[in-house]
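Visitor: Please see the structure below; I have some questions.
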Amino acid sequence: MGAQEVREGFVRLYGAEPEGVWAAPGRVNLIGEHTDYNDGFVMPFALPHTAVAAVSRRTDGVLRLHSADLDSGVAELRLDDLRPESDKSWTAYPAGVVWALREAGHAVTGADVHLSSTVPSGAGLSSSAALEVVVALALNDLYDLGLPGWQLARLCQRAENVYVGAPTGIMDQTASACCEAGHALFLDTRDLSQKQIPLDLAAEGLRLLVVDTQVTHAHSDGEYGKRRAGCEKGAALLGVDALRDIAYADLDAALDRLGDEEEVRRLVRHVVTEDQRVEQVVSLLESGGDTRAVGPVLTAGHASLRDDFRVSCPELDLVVDTALAHGALGARMTGGGFGGSAIVLAEATDVEALTKAVEEAFAAAGHKAPRVFEAVPAAGARRLN
Ligand code: GAF
């Protein structure tokens with residue numbers, strides 16, 4: 001839904017023009033999975049799919065929320081009544097942002113919000129972060145808070161961790177808030193320092209496909225939290241603040257020190273090698289050489305997520321195996337896993353045959369048809385009007 005439609009929807013609902021309309025995108029992650037809560041490196045880029053919100057301020061301590069995508073009517077909440085983990089519906093994301101802003105001391109006195117999103121939900125493409133960031137940016141502008149993108153991302157992460165109750169890292173919110181069109185974002189999740197890396201795959205005759213397996217995932221599910229706890233245990237056993245502090249060159253020695261902690265050893269190996277893969281991809285892209293060399297690094301990342309971190313699933317593995325068997329340069333799951341989406345790096349000339357092969361493999365295996373689209377790095381969060 002475009003800005004004008006969302007604006008008109010706001011007028012129909014609330015009987016007045018909104019003060020403005022904002023957009024925040026979903027993301028795919030090129031490389032760097034399950035590294036963000038280990039203070040490591042990630043490299044997402046923004047999708048053209050966005051959450052769009054029309055918003056006005058209120059002064060009476062009331063937050064009204066409405067989604068054009070759902071049949072659930074207008075939710076009316078009192079700011080003073082917002083309590084962490086009290087809301088299990090979609091409204092927890094925007095309400096959590098208002099809660100986090102107020103908890104951080106920002107004088108937000110209420111808002112009317114009407115929104116609509118084209119980011120597929122449950123597809124591992126950060127639909128929740130898009131919802132959070134679009135509301136955070138709107139309130140930042142309307143209440144003149146002057147917060148930079150990275151700080152909005154931190155507040156949105158707090159909303160998700162504490163208010164929603166999902167123990168996610170900082171990647172998705174930062175990607176939505178800070179990505180730039182035509183670039184992937186190289187982000188150090190320890191201090192949120194960033195570098196925009198130009199990514200023009202079409203200029204090299206390449207394409208990046210997103211394959212949404214249509215297997216939905218949920219972060220508040222226990223598995224994500226278990227991986228996170230396992231990583232924290234690994235860091236504690238190794239005497240470091242976070243697994244990011246284990247240098248790649250010291251990995252074997254670190255794994256030896258983990259004794260019979262087999263599960264922790266696998267988690268540590270994934271995180272340390274994945275950080276190394278992010279650095280490898282950055283240097284390949286920055287050297288101006290052939291981007292095709294990135295392909296095998298993506299595929300190695302998938303093997304590590306499947307075998308060591310164990311967050312893949314049969315549908316994601318099928319996308320990767322089928323794509324590679326039909327000429328893909330590289331393929332991997334993207335996002336948290338347990339369903340969601342995979343990415344495939346391919347020659348433009350192979351895209352049609354490869355897409356057909358993946359669709360046929362899904363049909364033959366009796367899986368729901370996947371949704372395949374091309375991803376080109378799009379703009380981060382912004383005011384539309
Ligand atoms: C999800 C989380 F929200 C991110 O913080 C990140 O951990 C990702 O899974 C895995 O890389 O998208």
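Just remember, in the structure tokens the first chain shown is A, the second B, etc., residues are 1-based per chain, and ligands are 1-based in the order shown.
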Please return as an NGL selection string the residues found within 8 Å of ligand 1, counting only C-alpha atoms and all ligand atoms.
Guide: :A and (29 or 32-37 or 42 or 124-126 or 129 or 167-172 or 219 or 224 or 334-337)
Visitor: Just N, CA and C atoms for this one: save the residues we selected as a PDB file, in the first residue's frame.
Guide:
ATOM      1  N   ASN A  29      19.494 -10.657   4.977  1.00  0.00           N
ATOM      2  CA  ASN A  29      20.865 -10.608   5.468  1.00  0.00           C
ATOM      3  C   ASN A  29      21.737 -11.379   4.484  1.00  0.00           C
ATOM      4  N   GLY A  32      26.291 -13.282   7.936  1.00  0.00           N
ATOM      5  CA  GLY A  32      26.433 -12.864   9.339  1.00  0.00           C
ATOM      6  C   GLY A  32      25.176 -13.222  10.115  1.00  0.00           C
ATOM      7  N   GLU A  33      24.949 -14.540  10.293  1.00  0.00           N
ATOM      8  CA  GLU A  33      23.706 -14.982  10.938  1.00  0.00           C
ATOM      9  C   GLU A  33      23.972 -15.475  12.354  1.00  0.00           C
ATOM     10  N   HIS A  34      23.129 -15.051  13.271  1.00  0.00           N
ATOM     11  CA  HIS A  34      23.251 -15.398  14.695  1.00  0.00           C
ATOM     12  C   HIS A  34      24.585 -14.912  15.269  1.00  0.00           C
ATOM     13  N   THR A  35      25.090 -13.844  14.701  1.00  0.00           N
ATOM     14  CA  THR A  35      26.297 -13.209  15.228  1.00  0.00           C
ATOM     15  C   THR A  35      25.944 -11.954  16.019  1.00  0.00           C
ATOM     16  N   ASP A  36      24.743 -11.388  15.783  1.00  0.00           N
ATOM     17  CA  ASP A  36      24.478 -10.058  16.369  1.00  0.00           C
ATOM     18  C   ASP A  36      24.374 -10.084  17.892  1.00  0.00           C
ATOM     19  N   TYR A  37      23.844 -11.177  18.457  1.00  0.00           N
ATOM     20  CA  TYR A  37      23.792 -11.214  19.931  1.00  0.00           C
ATOM     21  C   TYR A  37      25.090 -11.790  20.514  1.00  0.00           C
ATOM     22  N   VAL A  42      27.518  -8.341  10.901  1.00  0.00           N
ATOM     23  CA  VAL A  42      26.393  -8.723  10.033  1.00  0.00           C
ATOM     24  C   VAL A  42      26.446  -7.871   8.772  1.00  0.00           C
ATOM     25  N   GLY A 124      11.000 -14.384   7.882  1.00  0.00           N
ATOM     26  CA  GLY A 124      12.409 -14.132   8.206  1.00  0.00           C
ATOM     27  C   GLY A 124      12.939 -12.895   7.521  1.00  0.00           C
ATOM     28  N   LEU A 125      12.048 -11.958   7.172  1.00  0.00           N
ATOM     29  CA  LEU A 125      12.471 -10.760   6.439  1.00  0.00           C
ATOM     30  C   LEU A 125      12.241  -9.489   7.265  1.00  0.00           C
ATOM     31  N   SER A 126      12.121  -9.667   8.568  1.00  0.00           N
ATOM     32  CA  SER A 126      12.061  -8.547   9.521  1.00  0.00           C
ATOM     33  C   SER A 126      10.804  -7.700   9.431  1.00  0.00           C
ATOM     34  N   ALA A 129      10.583  -5.777  12.798  1.00  0.00           N
ATOM     35  CA  ALA A 129      11.489  -4.628  12.923  1.00  0.00           C
ATOM     36  C   ALA A 129      10.968  -3.463  12.084  1.00  0.00           C
ATOM     37  N   PRO A 167      13.953 -12.534  22.475  1.00  0.00           N
ATOM     38  CA  PRO A 167      15.345 -12.187  22.807  1.00  0.00           C
ATOM     39  C   PRO A 167      16.248 -11.941  21.593  1.00  0.00           C
ATOM     40  N   THR A 168      15.772 -11.155  20.633  1.00  0.00           N
ATOM     41  CA  THR A 168      16.500 -10.964  19.370  1.00  0.00           C
ATOM     42  C   THR A 168      17.681  -9.998  19.529  1.00  0.00           C
ATOM     43  N   GLY A 169      18.566 -10.019  18.530  1.00  0.00           N
ATOM     44  CA  GLY A 169      19.707  -9.099  18.502  1.00  0.00           C
ATOM     45  C   GLY A 169      19.321  -7.754  17.894  1.00  0.00           C
ATOM     46  N   ILE A 170      20.328  -7.016  17.458  1.00  0.00           N
ATOM     47  CA  ILE A 170      20.130  -5.628  17.005  1.00  0.00           C
ATOM     48  C   ILE A 170      20.140  -5.490  15.475  1.00  0.00           C
ATOM     49  N   MET A 171      20.403  -6.599  14.763  1.00  0.00           N
ATOM     50  CA  MET A 171      20.586  -6.475  13.310  1.00  0.00           C
ATOM     51  C   MET A 171      19.358  -5.918  12.577  1.00  0.00           C
ATOM     52  N   ASP A 172      18.197  -6.489  12.832  1.00  0.00           N
ATOM     53  CA  ASP A 172      17.048  -6.179  11.982  1.00  0.00           C
ATOM     54  C   ASP A 172      16.616  -4.726  12.118  1.00  0.00           C
ATOM     55  N   HIS A 219      10.153 -15.863  16.624  1.00  0.00           N
ATOM     56  CA  HIS A 219      11.348 -15.700  17.463  1.00  0.00           C
ATOM     57  C   HIS A 219      11.115 -15.906  18.929  1.00  0.00           C
ATOM     58  N   TYR A 224      15.312 -20.134  19.418  1.00  0.00           N
ATOM     59  CA  TYR A 224      16.203 -18.988  19.249  1.00  0.00           C
ATOM     60  C   TYR A 224      16.876 -18.659  20.596  1.00  0.00           C
ATOM     61  N   THR A 334      18.487 -17.221   5.321  1.00  0.00           N
ATOM     62  CA  THR A 334      18.746 -15.858   5.807  1.00  0.00           C
ATOM     63  C   THR A 334      17.803 -15.577   6.976  1.00  0.00           C
ATOM     64  N   GLY A 335      18.274 -14.816   7.958  1.00  0.00           N
ATOM     65  CA  GLY A 335      17.435 -14.542   9.130  1.00  0.00           C
ATOM     66  C   GLY A 335      17.607 -15.629  10.185  1.00  0.00           C
ATOM     67  N   GLY A 336      16.657 -15.690  11.098  1.00  0.00           N
ATOM     68  CA  GLY A 336      16.785 -16.552  12.262  1.00  0.00           C
ATOM     69  C   GLY A 336      16.738 -18.047  11.972  1.00  0.00           C
ATOM     70  N   GLY A 337      16.021 -18.445  10.899  1.00  0.00           N
ATOM     71  CA  GLY A 337      15.928 -19.864  10.553  1.00  0.00           C
ATOM     72  C   GLY A 337      14.665 -20.518  11.068  1.00  0.00           C
TER      73      GLY A 337
END
Visitor: Extract the full set of helix (DSSP H, G or I) residues from stretch 72-252 of chain A according to DSSP on the backbone, and format it as number ranges by chain.
Guide: A: 79-81, 92-103, 127-142, 149-164, 171-178, 202-204, 222-238, 243-245, 248-252
Visitor: Please list as JSON, numbers by chain every residue within 7 Å of stretch 352-365 of chain A, counting only C-alpha atoms and excluding residues in the same chain fewer than 4 positions away.
Guide: {"A": [319, 322, 323, 326, 369, 370]}
Visitor: Measuring between only C-alpha atoms, which one of A:Thr59, A:Ala293, A:Gly182, A:Leu305 shows the shortest distance to A:Ala203?
Guide: A:Gly182
Visitor: Pull the strand (DSSP E or B) assignments for stretch 8-124 of chain A out of DSSP run on the backbone, and list those residues as a ChimeraX atom specification.
Guide: /A:20-29,41-42,44-57,62-67,75-78,111-117
Visitor: Write out, as a compact mmCIF listing (two decimals), in the first residue's frame, the residues just selected, with N, CA and C atoms.
Guide:
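The resulting file, part-v9.txt, is reproduced below:
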# COMPACT_ATOMS: atom_id res chain seq x y z
N GLY A 20 1.92 13.21 9.21
CA GLY A 20 2.92 12.77 8.24
C GLY A 20 2.78 11.29 7.95
N VAL A 21 3.57 10.83 6.97
CA VAL A 21 3.59 9.40 6.61
C VAL A 21 5.05 8.96 6.50
N TRP A 22 5.36 7.81 7.09
CA TRP A 22 6.74 7.31 7.13
C TRP A 22 6.78 5.86 6.60
N ALA A 23 7.98 5.44 6.18
CA ALA A 23 8.15 4.05 5.72
C ALA A 23 9.41 3.46 6.34
N ALA A 24 9.37 2.17 6.64
CA ALA A 24 10.58 1.46 7.10
C ALA A 24 10.57 0.07 6.45
N PRO A 25 11.73 -0.35 5.92
CA PRO A 25 11.77 -1.61 5.16
C PRO A 25 12.03 -2.85 5.99
N GLY A 26 11.71 -4.00 5.38
CA GLY A 26 12.23 -5.28 5.85
C GLY A 26 13.65 -5.43 5.31
N ARG A 27 14.29 -6.55 5.60
CA ARG A 27 15.68 -6.75 5.14
C ARG A 27 15.93 -8.20 4.75
N VAL A 28 16.97 -8.41 3.94
CA VAL A 28 17.56 -9.74 3.88
C VAL A 28 18.96 -9.58 4.46
N ASN A 29 19.49 -10.66 4.98
CA ASN A 29 20.86 -10.61 5.47
C ASN A 29 21.74 -11.38 4.48
N PHE A 41 29.63 -9.48 13.59
CA PHE A 41 29.41 -8.72 12.36
C PHE A 41 28.20 -9.25 11.59
N VAL A 42 27.52 -8.34 10.90
CA VAL A 42 26.39 -8.72 10.03
C VAL A 42 26.45 -7.87 8.77
N PRO A 44 23.38 -6.97 6.34
CA PRO A 44 22.06 -7.00 5.71
C PRO A 44 21.90 -5.91 4.66
N PHE A 45 20.87 -6.02 3.85
CA PHE A 45 20.44 -4.87 3.05
C PHE A 45 18.92 -4.77 3.06
N ALA A 46 18.43 -3.55 2.80
CA ALA A 46 16.99 -3.30 2.91
C ALA A 46 16.27 -3.80 1.67
N LEU A 47 15.07 -4.30 1.89
CA LEU A 47 14.19 -4.73 0.79
C LEU A 47 13.30 -3.56 0.36
N PRO A 48 12.75 -3.64 -0.84
CA PRO A 48 11.78 -2.61 -1.24
C PRO A 48 10.45 -2.75 -0.49
N HIS A 49 10.24 -3.87 0.17
CA HIS A 49 9.00 -4.08 0.94
C HIS A 49 9.08 -3.24 2.23
N THR A 50 8.01 -2.50 2.51
CA THR A 50 8.06 -1.60 3.66
C THR A 50 6.80 -1.66 4.51
N ALA A 51 6.95 -1.24 5.76
CA ALA A 51 5.80 -0.89 6.60
C ALA A 51 5.63 0.62 6.43
N VAL A 52 4.40 1.05 6.14
CA VAL A 52 4.12 2.48 5.95
C VAL A 52 3.14 2.90 7.05
N ALA A 53 3.44 4.00 7.73
CA ALA A 53 2.57 4.45 8.82
C ALA A 53 2.20 5.91 8.67
N ALA A 54 0.91 6.21 8.80
CA ALA A 54 0.44 7.59 8.91
C ALA A 54 0.23 7.84 10.40
N VAL A 55 0.77 8.94 10.88
CA VAL A 55 0.79 9.16 12.34
C VAL A 55 0.50 10.63 12.68
N SER A 56 -0.24 10.83 13.78
CA SER A 56 -0.40 12.16 14.39
C SER A 56 -0.17 12.05 15.88
N ARG A 57 0.26 13.15 16.46
CA ARG A 57 0.44 13.17 17.92
C ARG A 57 -0.90 13.30 18.64
N VAL A 62 -3.09 8.70 25.18
CA VAL A 62 -3.73 7.56 24.52
C VAL A 62 -2.97 7.22 23.24
N LEU A 63 -2.86 5.91 22.99
CA LEU A 63 -2.24 5.43 21.75
C LEU A 63 -3.30 4.62 21.00
N ARG A 64 -3.61 5.09 19.78
CA ARG A 64 -4.56 4.31 18.97
C ARG A 64 -3.79 3.70 17.80
N LEU A 65 -4.03 2.40 17.60
CA LEU A 65 -3.28 1.66 16.59
C LEU A 65 -4.24 0.92 15.67
N HIS A 66 -3.98 1.02 14.36
CA HIS A 66 -4.80 0.28 13.42
C HIS A 66 -3.95 -0.21 12.26
N SER A 67 -4.19 -1.45 11.84
CA SER A 67 -3.49 -2.00 10.68
C SER A 67 -4.50 -2.24 9.56
N ALA A 75 -7.09 -0.50 18.04
CA ALA A 75 -6.75 -0.80 19.44
C ALA A 75 -6.50 0.52 20.15
N GLU A 76 -7.11 0.70 21.30
CA GLU A 76 -6.91 1.94 22.05
C GLU A 76 -6.23 1.60 23.38
N LEU A 77 -5.04 2.14 23.57
CA LEU A 77 -4.25 1.80 24.77
C LEU A 77 -3.91 3.07 25.53
N ARG A 78 -3.87 2.96 26.86
CA ARG A 78 -3.43 4.10 27.67
C ARG A 78 -1.93 3.94 27.93
N ALA A 111 -0.46 9.02 20.46
CA ALA A 111 -0.40 9.05 18.99
C ALA A 111 -1.59 8.30 18.40
N ASP A 112 -1.98 8.72 17.21
CA ASP A 112 -2.88 7.93 16.38
C ASP A 112 -2.04 7.37 15.24
N VAL A 113 -2.15 6.06 15.03
CA VAL A 113 -1.31 5.39 14.03
C VAL A 113 -2.19 4.51 13.15
N HIS A 114 -2.00 4.65 11.84
CA HIS A 114 -2.64 3.73 10.90
C HIS A 114 -1.54 3.21 10.01
N LEU A 115 -1.42 1.89 9.88
CA LEU A 115 -0.31 1.39 9.07
C LEU A 115 -0.69 0.22 8.19
N SER A 116 0.22 -0.03 7.26
CA SER A 116 0.05 -1.15 6.35
C SER A 116 1.45 -1.60 5.95
N SER A 117 1.64 -2.90 5.77
CA SER A 117 2.99 -3.38 5.47
C SER A 117 2.98 -4.36 4.29
Visitor: I need the residue nearest A:Val344 from this list: A:Leu329, A:Val281, A:Leu152, A:Val162. Use only C-alpha atoms for the distance.
Guide: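 Going through A:Leu329, A:Val281, A:Leu152, A:Val162 one by one, the smallest distance to A:Val344 is for A:Leu329.
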Visitor: Just want the 10 Å neighbourhood of A:Ser128, counted on only C-alpha atoms, with same-chain residues fewer than 5 positions away dropped. Output as a count of residues only.
Guide: 16
Visitor: List the spatial neighbours of A:Ser312 as a list in words - criterion: any atom at most 9 Å away, only C-alpha atoms, same-chain residues fewer than 5 positions off excluded.
Guide: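 Here the answer would be His302, Leu305, Arg306, Asp307, Asp317, Met333, Gly336, Gly337, Phe338 and Gly339 of chain A.
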Visitor: Output C-alpha atoms of each residue in that selection to a file, as a PDB file, in the first residue's frame.
Guide:
ATOM      1  CA  HIS A 302      24.495 -22.324   5.190  1.00  0.00           C
ATOM      2  CA  LEU A 305      23.924 -22.925  10.170  1.00  0.00           C
ATOM      3  CA  ARG A 306      22.559 -26.354   9.200  1.00  0.00           C
ATOM      4  CA  ASP A 307      25.180 -28.592  10.792  1.00  0.00           C
ATOM      5  CA  ASP A 317      17.935 -27.101   2.731  1.00  0.00           C
ATOM      6  CA  MET A 333      19.140 -19.474   4.665  1.00  0.00           C
ATOM      7  CA  GLY A 336      16.785 -16.552  12.262  1.00  0.00           C
ATOM      8  CA  GLY A 337      15.928 -19.864  10.553  1.00  0.00           C
ATOM      9  CA  PHE A 338      13.487 -22.651  11.531  1.00  0.00           C
ATOM     10  CA  GLY A 339      11.624 -21.676   8.333  1.00  0.00           C
TER      11      GLY A 339
END
